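Below: structure16.cif (mmCIF, C-alpha atoms)
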data_entry
#
loop_
_atom_site.label_atom_id
_atom_site.label_comp_id
_atom_site.auth_asym_id
_atom_site.auth_seq_id
_atom_site.Cartn_x
_atom_site.Cartn_y
_atom_site.Cartn_z
CA MET A 1398 249.01 213.96 -21.16
CA THR A 1399 249.87 210.55 -19.76
CA GLY A 1400 253.56 209.96 -20.52
CA LYS A 1401 255.14 210.00 -23.95
CA LEU A 1402 253.09 210.27 -27.12
CA THR A 1403 253.52 207.79 -29.95
CA ILE A 1404 252.94 208.96 -33.50
CA TRP A 1405 252.41 206.10 -35.93
CA THR A 1406 253.27 206.39 -39.61
CA TYR A 1407 254.34 204.06 -42.46
CA ASP A 1408 257.73 202.37 -42.39
CA TRP A 1409 258.41 203.59 -45.93
CA VAL A 1410 256.72 205.57 -48.71
CA PRO A 1411 257.85 206.39 -52.28
CA GLU A 1412 259.77 209.64 -52.80
CA GLY A 1413 256.75 211.67 -54.00
CA PRO A 1414 254.83 211.96 -50.71
CA ARG A 1415 257.91 212.27 -48.47
CA GLY A 1416 257.64 215.44 -46.44
CA PHE A 1417 253.87 215.38 -46.96
CA VAL A 1418 252.70 212.23 -45.19
CA ARG A 1419 250.15 213.32 -42.61
CA ASP A 1420 252.20 212.33 -39.59
CA MET A 1421 253.88 215.69 -40.41
CA ARG A 1422 250.91 217.40 -38.79
CA LEU A 1423 251.30 215.56 -35.51
CA ARG A 1424 255.11 215.81 -35.50
CA TRP A 1425 254.83 219.54 -36.16
CA ALA A 1426 252.25 220.05 -33.41
CA ALA A 1427 254.32 218.05 -30.92
CA GLU A 1428 257.39 220.12 -31.80
CA GLU A 1429 255.48 223.40 -31.41
CA ALA A 1430 254.13 222.33 -28.04
CA GLU A 1431 257.44 220.73 -26.96
CA LEU A 1432 255.74 217.42 -26.23
CA ALA A 1433 257.90 214.30 -26.03
CA TYR A 1434 257.02 211.70 -28.65
CA ASP A 1435 258.21 208.54 -30.32
CA VAL A 1436 257.56 207.65 -33.93
CA ARG A 1437 256.63 204.07 -34.77
CA SER A 1438 255.74 202.40 -38.04
CA VAL A 1439 253.27 200.09 -39.69
CA PRO A 1440 254.27 198.46 -42.98
CA PHE A 1441 253.43 200.46 -46.09
CA GLU A 1442 253.26 197.32 -48.16
CA ASP A 1443 250.02 195.78 -46.89
CA ARG A 1444 248.71 199.06 -45.46
CA GLU A 1445 245.16 198.44 -46.65
CA THR A 1446 244.79 195.63 -44.12
CA ASN A 1447 247.66 195.53 -41.60
CA HIS A 1448 246.45 198.14 -39.10
CA LEU A 1449 242.70 198.44 -39.64
CA GLU A 1450 242.12 197.98 -35.92
CA PHE A 1451 243.81 201.34 -35.34
CA GLN A 1452 242.92 203.12 -38.58
CA PRO A 1453 239.87 201.69 -40.38
CA PHE A 1454 240.86 203.30 -43.71
CA GLY A 1455 244.38 201.82 -43.67
CA GLN A 1456 245.90 205.27 -43.48
CA VAL A 1457 248.33 207.06 -41.21
CA PRO A 1458 248.87 208.72 -38.86
CA PHE A 1459 247.33 207.62 -35.66
CA LEU A 1460 248.33 208.80 -32.24
CA MET A 1461 248.72 206.94 -28.96
CA ASP A 1462 248.68 208.65 -25.58
CA GLY A 1463 248.53 206.21 -22.69
CA ASN A 1464 245.35 204.18 -23.18
CA ILE A 1465 243.99 206.56 -25.85
CA THR A 1466 244.42 205.80 -29.54
CA ILE A 1467 243.12 208.36 -32.00
CA PHE A 1468 243.19 208.36 -35.80
CA GLU A 1469 242.62 211.17 -38.35
CA SER A 1470 245.36 213.78 -38.30
CA GLY A 1471 242.79 216.54 -37.73
CA ALA A 1472 241.43 214.73 -34.69
CA GLY A 1473 244.94 214.15 -33.36
CA LEU A 1474 245.65 217.86 -33.72
CA LEU A 1475 242.50 218.87 -31.85
CA TYR A 1476 243.20 216.26 -29.20
CA LEU A 1477 246.68 217.73 -28.58
CA ALA A 1478 245.35 221.29 -28.84
CA HIS A 1479 242.79 220.71 -26.11
CA LYS A 1480 245.64 219.79 -23.81
CA ASN A 1481 248.15 222.43 -24.78
CA GLU A 1482 247.77 226.18 -24.78
CA LYS A 1483 250.57 226.71 -27.30
CA LEU A 1484 248.34 225.09 -29.90
CA MET A 1485 245.03 226.66 -28.88
CA PRO A 1486 244.05 229.39 -26.42
CA ARG A 1487 242.15 228.30 -23.32
CA ASP A 1488 239.38 230.94 -23.40
CA SER A 1489 236.16 229.81 -25.06
CA ALA A 1490 236.20 232.47 -27.79
CA GLY A 1491 239.79 231.61 -28.72
CA GLU A 1492 238.97 227.90 -28.67
CA ALA A 1493 235.93 228.36 -30.89
CA GLU A 1494 237.87 230.49 -33.36
CA THR A 1495 240.69 227.95 -33.54
CA LEU A 1496 238.26 225.06 -33.91
CA GLN A 1497 236.33 226.70 -36.75
CA TRP A 1498 239.52 227.33 -38.73
CA VAL A 1499 240.83 223.80 -38.17
CA ILE A 1500 237.58 222.46 -39.59
CA ALA A 1501 237.64 225.05 -42.40
CA ALA A 1502 241.09 223.76 -43.41
CA LEU A 1503 239.83 220.16 -43.44
CA ASN A 1504 236.29 220.53 -44.73
CA SER A 1505 236.19 223.74 -46.82
CA ILE A 1506 239.71 223.92 -48.28
CA GLU A 1507 241.15 220.40 -48.27
CA MET A 1508 237.82 218.94 -49.37
CA VAL A 1509 238.41 220.74 -52.68
CA THR A 1510 242.19 220.80 -52.96
CA VAL A 1511 242.84 217.10 -52.38
CA PRO A 1512 240.32 215.86 -55.01
CA TRP A 1513 241.64 218.55 -57.40
CA TRP A 1514 245.18 217.31 -56.80
CA PHE A 1515 244.04 213.67 -57.07
CA LEU A 1516 242.52 214.25 -60.52
CA LYS A 1517 245.68 216.10 -61.54
CA VAL A 1518 248.19 213.45 -60.46
CA THR A 1519 246.12 210.60 -61.87
CA GLY A 1520 246.27 212.33 -65.26
CA HIS A 1521 242.63 213.31 -65.49
CA GLU A 1522 241.48 216.59 -66.89
CA ASP A 1523 240.12 219.17 -64.58
CA ARG A 1524 236.39 218.67 -64.51
CA GLY A 1525 235.00 221.68 -62.82
CA LEU A 1526 236.83 221.38 -59.53
CA SER A 1527 239.21 224.24 -60.41
CA GLY A 1528 236.52 226.89 -60.45
CA TRP A 1529 235.20 225.76 -57.11
CA MET A 1530 238.69 225.59 -55.64
CA ASP A 1531 239.74 228.95 -57.06
CA ASN A 1532 236.71 230.55 -55.46
CA ARG A 1533 237.51 229.07 -52.05
CA LEU A 1534 241.19 230.00 -52.30
CA ALA A 1535 240.29 233.57 -53.30
CA GLN A 1536 238.05 233.86 -50.25
CA LEU A 1537 240.85 232.58 -48.06
CA GLU A 1538 243.29 235.00 -49.71
CA ALA A 1539 240.94 237.84 -48.73
CA VAL A 1540 241.14 236.68 -45.10
CA LEU A 1541 244.93 236.29 -45.12
CA LYS A 1542 245.37 239.75 -46.66
CA ARG A 1543 243.92 241.20 -43.49
CA ARG A 1544 245.77 239.22 -40.85
CA ASP A 1545 248.82 237.09 -40.12
CA TRP A 1546 247.09 234.32 -38.16
CA LEU A 1547 243.73 232.67 -38.70
CA ALA A 1548 242.58 232.64 -35.08
CA ALA A 1549 243.02 234.52 -31.84
CA GLY A 1550 245.71 236.88 -33.20
CA ARG A 1551 248.47 234.33 -32.68
CA PHE A 1552 249.82 231.01 -33.98
CA THR A 1553 247.43 228.14 -33.35
CA VAL A 1554 246.92 224.62 -34.60
CA ALA A 1555 244.55 226.17 -37.17
CA ASP A 1556 247.52 227.80 -38.91
CA LEU A 1557 249.44 224.56 -38.70
CA VAL A 1558 246.80 222.52 -40.51
CA MET A 1559 245.85 225.27 -42.96
CA ALA A 1560 249.50 225.78 -43.95
CA ASP A 1561 249.92 222.02 -44.31
CA VAL A 1562 246.93 221.92 -46.64
CA LEU A 1563 248.18 224.91 -48.67
CA ARG A 1564 251.88 224.06 -48.99
CA VAL A 1565 251.31 221.39 -51.69
CA SER A 1566 253.50 222.39 -54.64
CA ALA A 1567 250.87 221.94 -57.37
CA LEU A 1568 248.54 224.21 -55.44
CA ARG A 1569 251.13 226.94 -54.88
CA ALA A 1570 251.91 226.86 -58.61
CA HIS A 1571 248.23 227.23 -59.50
CA GLY A 1572 247.10 230.87 -59.54
CA THR A 1573 248.54 233.88 -57.73
CA ARG A 1574 247.68 234.55 -54.11
CA PRO A 1575 250.40 236.69 -52.55
CA ALA A 1576 249.01 236.80 -49.01
CA THR A 1577 248.50 233.03 -48.99
CA GLU A 1578 252.00 232.44 -50.36
CA ALA A 1579 253.55 234.69 -47.71
CA TYR A 1580 251.50 232.87 -45.06
CA VAL A 1581 252.70 229.45 -46.23
CA GLU A 1582 256.30 230.66 -46.36
CA ARG A 1583 256.04 232.12 -42.88
CA LEU A 1584 254.50 229.00 -41.39
CA THR A 1585 256.87 226.55 -43.07
CA ALA A 1586 259.87 228.59 -41.89
CA ARG A 1587 259.02 227.86 -38.24
CA PRO A 1588 261.68 225.77 -36.49
CA ALA A 1589 259.05 223.23 -35.38
CA PHE A 1590 257.96 222.67 -38.99
CA LEU A 1591 261.55 222.36 -40.21
CA LYS A 1592 262.40 219.85 -37.48
CA ALA A 1593 259.29 217.75 -38.18
CA HIS A 1594 259.96 217.89 -41.92
CA SER A 1595 263.60 216.84 -41.75
CA ASP A 1596 262.71 214.09 -39.27
CA GLN A 1597 260.10 212.67 -41.63
CA ILE A 1598 262.50 212.79 -44.59
CA ALA A 1599 265.13 211.02 -42.45
CA HIS A 1600 262.61 208.39 -41.30
CA PHE A 1601 261.84 207.32 -44.86
CA ALA A 1602 265.45 207.64 -46.01
CA ALA A 1603 266.51 205.25 -43.25
CA ALA A 1604 263.96 202.76 -44.60
CA ASP A 1605 265.60 203.03 -48.05
CA LYS A 1606 268.95 202.02 -46.52
CA LYS A 1607 267.41 199.07 -44.69
CA ARG A 1608 265.71 197.91 -47.88
CA ALA A 1609 268.97 198.18 -49.86
CA LYS A 1610 270.76 196.04 -47.27
CA HIS A 1611 268.11 193.31 -47.51
CA ASN A 1612 268.22 193.17 -51.30
CA MET B 1255 225.90 227.68 -22.66
CA THR B 1256 225.07 231.36 -22.30
CA GLY B 1257 221.39 231.73 -23.12
CA LYS B 1258 219.70 230.70 -26.33
CA LEU B 1259 221.63 229.54 -29.37
CA THR B 1260 221.10 231.11 -32.77
CA ILE B 1261 221.56 228.97 -35.86
CA TRP B 1262 222.00 231.01 -39.02
CA THR B 1263 221.02 229.70 -42.44
CA TYR B 1264 219.86 231.13 -45.79
CA ASP B 1265 216.45 232.78 -46.09
CA TRP B 1266 215.67 230.60 -49.10
CA VAL B 1267 217.27 227.93 -51.29
CA PRO B 1268 216.04 226.13 -54.44
CA GLU B 1269 214.12 222.87 -53.95
CA GLY B 1270 217.11 220.58 -54.62
CA PRO B 1271 219.13 221.24 -51.46
CA ARG B 1272 216.14 221.56 -49.11
CA GLY B 1273 216.48 219.12 -46.27
CA PHE B 1274 220.23 218.99 -46.91
CA VAL B 1275 221.43 222.53 -46.14
CA ARG B 1276 224.07 222.19 -43.46
CA ASP B 1277 222.12 224.00 -40.76
CA MET B 1278 220.43 220.58 -40.54
CA ARG B 1279 223.46 219.36 -38.62
CA LEU B 1280 223.16 222.06 -35.98
CA ARG B 1281 219.36 221.84 -35.75
CA TRP B 1282 219.62 218.08 -35.35
CA ALA B 1283 222.30 218.37 -32.66
CA ALA B 1284 220.32 221.00 -30.76
CA GLU B 1285 217.22 218.77 -30.93
CA GLU B 1286 219.15 215.73 -29.68
CA ALA B 1287 220.60 217.72 -26.80
CA GLU B 1288 217.34 219.55 -26.10
CA LEU B 1289 219.04 222.93 -26.41
CA ALA B 1290 216.88 225.99 -27.02
CA TYR B 1291 217.65 227.74 -30.29
CA ASP B 1292 216.40 230.31 -32.76
CA VAL B 1293 216.94 230.13 -36.49
CA ARG B 1294 217.81 233.32 -38.33
CA SER B 1295 218.58 233.98 -41.97
CA VAL B 1296 220.99 235.72 -44.29
CA PRO B 1297 219.86 236.34 -47.88
CA PHE B 1298 220.63 233.53 -50.29
CA GLU B 1299 220.72 235.94 -53.19
CA ASP B 1300 223.99 237.77 -52.52
CA ARG B 1301 225.36 235.02 -50.26
CA GLU B 1302 228.87 235.28 -51.69
CA THR B 1303 229.30 238.68 -50.08
CA ASN B 1304 226.50 239.50 -47.60
CA HIS B 1305 227.80 237.71 -44.51
CA LEU B 1306 231.53 237.26 -45.07
CA GLU B 1307 232.25 238.75 -41.66
CA PHE B 1308 230.57 235.71 -40.09
CA GLN B 1309 231.37 233.08 -42.70
CA PRO B 1310 234.35 233.92 -44.93
CA PHE B 1311 233.28 231.44 -47.65
CA GLY B 1312 229.77 232.88 -47.93
CA GLN B 1313 228.25 229.64 -46.71
CA VAL B 1314 225.91 228.57 -43.96
CA PRO B 1315 225.46 227.64 -41.21
CA PHE B 1316 227.09 229.62 -38.50
CA LEU B 1317 226.21 229.46 -34.84
CA MET B 1318 225.91 232.18 -32.22
CA ASP B 1319 226.07 231.48 -28.50
CA GLY B 1320 226.30 234.64 -26.43
CA ASN B 1321 229.44 236.44 -27.58
CA ILE B 1322 230.74 233.40 -29.51
CA THR B 1323 230.18 233.08 -33.25
CA ILE B 1324 231.42 229.92 -34.92
CA PHE B 1325 231.24 228.85 -38.56
CA GLU B 1326 231.72 225.43 -40.22
CA SER B 1327 228.99 222.95 -39.35
CA GLY B 1328 231.60 220.46 -38.11
CA ALA B 1329 233.05 223.05 -35.75
CA GLY B 1330 229.59 224.00 -34.51
CA LEU B 1331 228.88 220.34 -33.79
CA LEU B 1332 232.08 219.88 -31.82
CA TYR B 1333 231.45 223.14 -29.99
CA LEU B 1334 228.03 221.92 -28.89
CA ALA B 1335 229.35 218.43 -28.16
CA HIS B 1336 232.00 219.75 -25.79
CA LYS B 1337 229.20 221.28 -23.76
CA ASN B 1338 226.70 218.50 -23.85
CA GLU B 1339 227.10 214.90 -22.80
CA LYS B 1340 224.21 213.71 -24.96
CA LEU B 1341 226.35 214.51 -27.99
CA MET B 1342 229.70 213.27 -26.69
CA PRO B 1343 230.78 211.34 -23.59
CA ARG B 1344 232.77 213.27 -21.00
CA ASP B 1345 235.55 210.69 -20.41
CA SER B 1346 238.70 211.27 -22.42
CA ALA B 1347 238.59 207.94 -24.28
CA GLY B 1348 234.97 208.54 -25.31
CA GLU B 1349 235.76 212.11 -26.35
CA ALA B 1350 238.74 211.02 -28.44
CA GLU B 1351 236.72 208.30 -30.14
CA THR B 1352 233.89 210.69 -30.93
CA LEU B 1353 236.29 213.35 -32.19
CA GLN B 1354 238.13 210.96 -34.51
CA TRP B 1355 234.88 209.81 -36.11
CA VAL B 1356 233.57 213.36 -36.54
CA ILE B 1357 236.78 214.22 -38.39
CA ALA B 1358 236.63 210.95 -40.35
CA ALA B 1359 233.15 211.91 -41.57
CA LEU B 1360 234.37 215.35 -42.66
CA ASN B 1361 237.87 214.63 -43.91
CA SER B 1362 237.93 210.95 -45.01
CA ILE B 1363 234.37 210.38 -46.24
CA GLU B 1364 232.90 213.77 -47.17
CA MET B 1365 236.20 214.84 -48.76
CA VAL B 1366 235.53 212.17 -51.39
CA THR B 1367 231.73 212.05 -51.52
CA VAL B 1368 231.09 215.77 -51.99
CA PRO B 1369 233.51 216.20 -54.94
CA TRP B 1370 232.12 212.96 -56.43
CA TRP B 1371 228.60 214.34 -56.08
CA PHE B 1372 229.71 217.75 -57.41
CA LEU B 1373 231.12 216.19 -60.61
CA LYS B 1374 227.94 214.15 -60.96
CA VAL B 1375 225.45 217.01 -60.58
CA THR B 1376 227.46 219.31 -62.82
CA GLY B 1377 227.19 216.70 -65.55
CA HIS B 1378 230.83 215.66 -65.65
CA GLU B 1379 231.92 212.10 -66.09
CA ASP B 1380 233.37 210.30 -63.19
CA ARG B 1381 237.10 210.77 -63.40
CA GLY B 1382 238.59 208.37 -60.98
CA LEU B 1383 236.87 209.60 -57.85
CA SER B 1384 234.46 206.63 -57.80
CA GLY B 1385 237.18 204.06 -57.19
CA TRP B 1386 238.60 206.10 -54.34
CA MET B 1387 235.15 206.69 -52.86
CA ASP B 1388 234.06 203.06 -53.23
CA ASN B 1389 237.15 201.97 -51.34
CA ARG B 1390 236.46 204.36 -48.46
CA LEU B 1391 232.78 203.42 -48.32
CA ALA B 1392 233.66 199.71 -48.30
CA GLN B 1393 236.01 200.29 -45.37
CA LEU B 1394 233.27 202.14 -43.54
CA GLU B 1395 230.79 199.37 -44.35
CA ALA B 1396 233.18 196.92 -42.68
CA VAL B 1397 233.09 199.05 -39.53
CA LEU B 1398 229.31 199.44 -39.54
CA LYS B 1399 228.85 195.70 -40.02
CA ARG B 1400 230.40 195.19 -36.63
CA ARG B 1401 228.63 197.85 -34.59
CA ASP B 1402 225.59 200.10 -34.37
CA TRP B 1403 227.37 203.31 -33.33
CA LEU B 1404 230.71 204.72 -34.43
CA ALA B 1405 231.97 205.78 -31.03
CA ALA B 1406 231.65 204.88 -27.36
CA GLY B 1407 228.94 202.25 -27.92
CA ARG B 1408 226.16 204.87 -28.04
CA PHE B 1409 224.75 207.67 -30.19
CA THR B 1410 227.16 210.58 -30.46
CA VAL B 1411 227.61 213.60 -32.67
CA ALA B 1412 229.91 211.39 -34.79
CA ASP B 1413 226.88 209.35 -35.88
CA LEU B 1414 224.96 212.53 -36.54
CA VAL B 1415 227.53 213.95 -38.94
CA MET B 1416 228.40 210.61 -40.56
CA ALA B 1417 224.73 209.87 -41.23
CA ASP B 1418 224.28 213.37 -42.62
CA VAL B 1419 227.20 212.80 -45.01
CA LEU B 1420 225.89 209.37 -46.05
CA ARG B 1421 222.18 210.11 -46.46
CA VAL B 1422 222.65 211.90 -49.83
CA SER B 1423 220.37 210.10 -52.31
CA ALA B 1424 222.90 209.76 -55.12
CA LEU B 1425 225.32 208.11 -52.73
CA ARG B 1426 222.74 205.69 -51.34
CA ALA B 1427 221.84 204.70 -54.89
CA HIS B 1428 225.49 204.06 -55.77
CA GLY B 1429 226.64 200.55 -54.82
CA THR B 1430 225.26 198.18 -52.18
CA ARG B 1431 226.24 198.57 -48.56
CA PRO B 1432 223.59 196.96 -46.35
CA ALA B 1433 225.10 197.87 -42.96
CA THR B 1434 225.58 201.48 -44.05
CA GLU B 1435 222.05 201.68 -45.41
CA ALA B 1436 220.60 200.28 -42.18
CA TYR B 1437 222.74 202.78 -40.22
CA VAL B 1438 221.47 205.73 -42.28
CA GLU B 1439 217.88 204.54 -41.93
CA ARG B 1440 218.25 204.14 -38.18
CA LEU B 1441 219.84 207.54 -37.70
CA THR B 1442 217.40 209.41 -39.92
CA ALA B 1443 214.45 207.81 -38.11
CA ARG B 1444 215.42 209.53 -34.86
CA PRO B 1445 212.81 212.04 -33.67
CA ALA B 1446 215.46 214.78 -33.41
CA PHE B 1447 216.42 214.29 -37.06
CA LEU B 1448 212.79 214.26 -38.20
CA LYS B 1449 212.03 217.45 -36.26
CA ALA B 1450 215.11 219.25 -37.65
CA HIS B 1451 214.30 218.06 -41.16
CA SER B 1452 210.68 219.14 -41.19
CA ASP B 1453 211.64 222.47 -39.62
CA GLN B 1454 214.15 223.14 -42.36
CA ILE B 1455 211.65 222.20 -45.07
CA ALA B 1456 209.09 224.52 -43.44
CA HIS B 1457 211.64 227.35 -43.18
CA PHE B 1458 212.29 227.36 -46.91
CA ALA B 1459 208.64 226.75 -47.82
CA ALA B 1460 207.66 229.82 -45.79
CA ALA B 1461 210.15 231.80 -47.89
CA ASP B 1462 208.41 230.61 -51.05
CA LYS B 1463 205.12 232.00 -49.76
CA LYS B 1464 206.72 235.32 -48.89
CA ARG B 1465 208.29 235.53 -52.32
CA ALA B 1466 204.98 234.71 -54.02
CA LYS B 1467 203.24 237.49 -52.08
CA HIS B 1468 205.83 240.04 -53.19
CA ASN B 1469 205.64 239.07 -56.87
#
Translate the structure of the given file into structure tokens.
Amino acid sequence: MTGKLTIWTYDWVPEGPRGFVRDMRLRWAAEEAELAYDVRSVPFEDRETNHLEFQPFGQVPFLMDGNITIFESGAGLLYLAHKNEKLMPRDSAGEAETLQWVIAALNSIEMVTVPWWFLKVTGHEDRGLSGWMDNRLAQLEAVLKRRDWLAAGRFTVADLVMADVLRVSALRAHGTRPATEAYVERLTARPAFLKAHSDQIAHFAAADKKRAKHN
Amino acid sequence: MTGKLTIWTYDWVPEGPRGFVRDMRLRWAAEEAELAYDVRSVPFEDRETNHLEFQPFGQVPFLMDGNITIFESGAGLLYLAHKNEKLMPRDSAGEAETLQWVIAALNSIEMVTVPWWFLKVTGHEDRGLSGWMDNRLAQLEAVLKRRDWLAAGRFTVADLVMADVLRVSALRAHGTRPATEAYVERLTARPAFLKAHSDQIAHFAAADKKRAKHN
């Protein structure tokens, strides 16, 4: 780690996504690992074009660490995890187990839950994604029934990203998965999560005040 | 690397997915890096339950390397890449760049293209996913217009997984993206891809013969 990290997010977002913007993942990881970081902003307004040199899809977050800039929250998490044992064990079996569950969160769970949620919030009927998602979530429930942590018998960045994927309200309200619900509650009760969450809420609330003053 | 790798896939799949089953990604990576590997099979028939101890979603592939077993094709790719410079540069900037583009393929592109494809093949109308996908693919086209490789100015595992995500026929037929099409053609013309592809086709064709003999 070369000096202080910078986590980049939007300067403002509407109320809906507050607490869920993906810089949460990097804030949370930095808090867990007790890494110093600043938070800086790109404008939400022309986000599709204003920071393409750092994030080619116009999204946030991206992470800066000395001369390294890295986008994709999942990549930022793995980048931090490779440098910090609190986020991922250093032995190769523990690393592999953590890595596989990080990717499972992003590519087996979120790949279904985000499009499902997207169709839901844009007012479209479910078109077959529910069955696929329910199957995946049931398989994950079976795993979480048997253990508290996804990898290496301890908290890792895999739990962080999986809990972040699963804590979406619409998802928690859809179906009954007691082990998953207990897992999400346990993870989102961690001090590092709560700090990251209240900091993100405060970041966007401060932008509201600034906007009000200018109008 | 402790001895020979084992790539696990299904013993058989229907014609449709042949050439696209995700063990392709690991075969291709192993071919690029000239790593010795065996391919072994779990039964397709009761795949939802027969290998949950190795792959909790009942999918393939999973990778074995000595005492390490790792599921999720994306995780297997990163696992191999961390051990092999042909797949990912060893300097931290090159690693970060490769990592971010691997995750972009899995979590920004495939997260939209696979559900889009799923709705299409299950006979559902497009329900808003096309607009989202077209936007992402246009942003990627803008990147590929400017360079031949996603990361570090050379072939990396990021190109391997991005090309594997993009080479799906339905996707290539949807819209016009000349730089992306040239990229996919260039990547899928690599000898390592062609070897992996014909090996997968042969693996499933051999299963057909075995089935025919038993019937």
Can you list, as JSON, numbers by chain, every protein, DNA or RNA residue that comes within 12 Å of Gln1536 (chain A) when you count only C-alpha atoms, leaving out same-chain residues fewer than 2 positions away?
{"A": [1501, 1505, 1506, 1529, 1530, 1531, 1532, 1533, 1534, 1538, 1539, 1540, 1541, 1542, 1543, 1574, 1576, 1577], "B": [1302, 1303, 1306, 1307, 1309, 1310, 1311, 1312, 1313]}
Pull out every residue of chain A that has at least one atom within 7 Å of chain B, counting all atoms listed in the file, and report them as a list in words.
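My answer is Pro1453, Phe1454, Ile1465, Ile1467, Phe1468, Glu1469, Gly1471, Ala1472, Tyr1476, Ala1490, Ala1493, Glu1494, Leu1496, Gln1497, Ile1500, Ala1501, Leu1503, Asn1504, Met1508, Pro1512, His1521, Arg1524, Arg1533 and Gln1536 of chain A.
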Using Å and a single decimal, report how far CA of Asp1413 (chain B) sits from CA of Gly1385 (chain B).
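Distance between the two atoms: 24.3 Å.
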Hey, can you check how far CA of Pro1343 (chain B) sits from CA of Thr1410 (chain B)?
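Between CA of Pro1343 (chain B) and CA of Thr1410 (chain B) the gap works out to 7.8 Å.
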Report the residues retrieved by the PyMOL selection byres ((chain B and resi 1264) around 8) from the displayed file, expressed as a PDB file with C-alpha atoms, in the coordinates of the input.
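Now in out35.pdb:
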ATOM      1  CA  TRP B1262     222.000 231.010 -39.020  1.00  0.00           C
ATOM      2  CA  THR B1263     221.020 229.700 -42.440  1.00  0.00           C
ATOM      3  CA  ASP B1265     216.450 232.780 -46.090  1.00  0.00           C
ATOM      4  CA  TRP B1266     215.670 230.600 -49.100  1.00  0.00           C
ATOM      5  CA  VAL B1267     217.270 227.930 -51.290  1.00  0.00           C
ATOM      6  CA  SER B1295     218.580 233.980 -41.970  1.00  0.00           C
ATOM      7  CA  VAL B1296     220.990 235.720 -44.290  1.00  0.00           C
ATOM      8  CA  PRO B1297     219.860 236.340 -47.880  1.00  0.00           C
ATOM      9  CA  PHE B1298     220.630 233.530 -50.290  1.00  0.00           C
ATOM     10  CA  VAL B1314     225.910 228.570 -43.960  1.00  0.00           C
TER      11      VAL B1314
END
Have a look at CA of Trp1282 (chain B) and CA of Lys1463 (chain B) and let me know their distance in Å, one decimal.
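Distance reported for this atom pair: 24.7 Å.
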Which of these residues is nearest to Glu1286 (chain B), using all atoms listed in the file: B:Glu1339, B:Glu1435, B:Glu1269, B:Asp1402?
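Using all atoms listed in the file, the shortest distance to Glu1286 (chain B) belongs to B:Glu1339.
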Please evaluate the PyMOL selection byres ((chain B and resi 1451) around 10) against the displayed coordinates and give the resulting residues as number ranges by chain.
B: 1272-1275, 1277-1279, 1281-1282, 1442, 1445-1450, 1452-1457
Nearby residues (all atoms listed in the file) at most 10 Å from Gly1400 (chain A), same-chain spacing under 3 positions excluded, as a list in words
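So the residues in contact are Thr1403, Leu1432, Ala1433, Tyr1434, Asp1462 and Gly1463 of chain A.
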Taking the file as shown, what set of residues would the PyMOL selection byres ((chain A and resi 1483) around 10) give back, as a list in words?
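Applied to this file, the PyMOL selection byres ((chain A and resi 1483) around 10) selects Ala1426, Glu1429, Ala1430, Glu1431, Leu1477, Ala1478, His1479, Lys1480, Asn1481, Glu1482, Leu1484, Met1485, Pro1486, Arg1487, Arg1551, Phe1552, Thr1553 and Val1554 of chain A.
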Could you put an axis-aligned box around every listed atom of region 1416-1421 of chain A, padded by 5 Å on each side, and send me its centre and edge lengths in Å to one decimal, as lines of an AutoDock Vina configuration file?
center_x = 253.9
center_y = 214.0
center_z = -43.3
size_x = 17.5
size_y = 13.5
size_z = 17.4
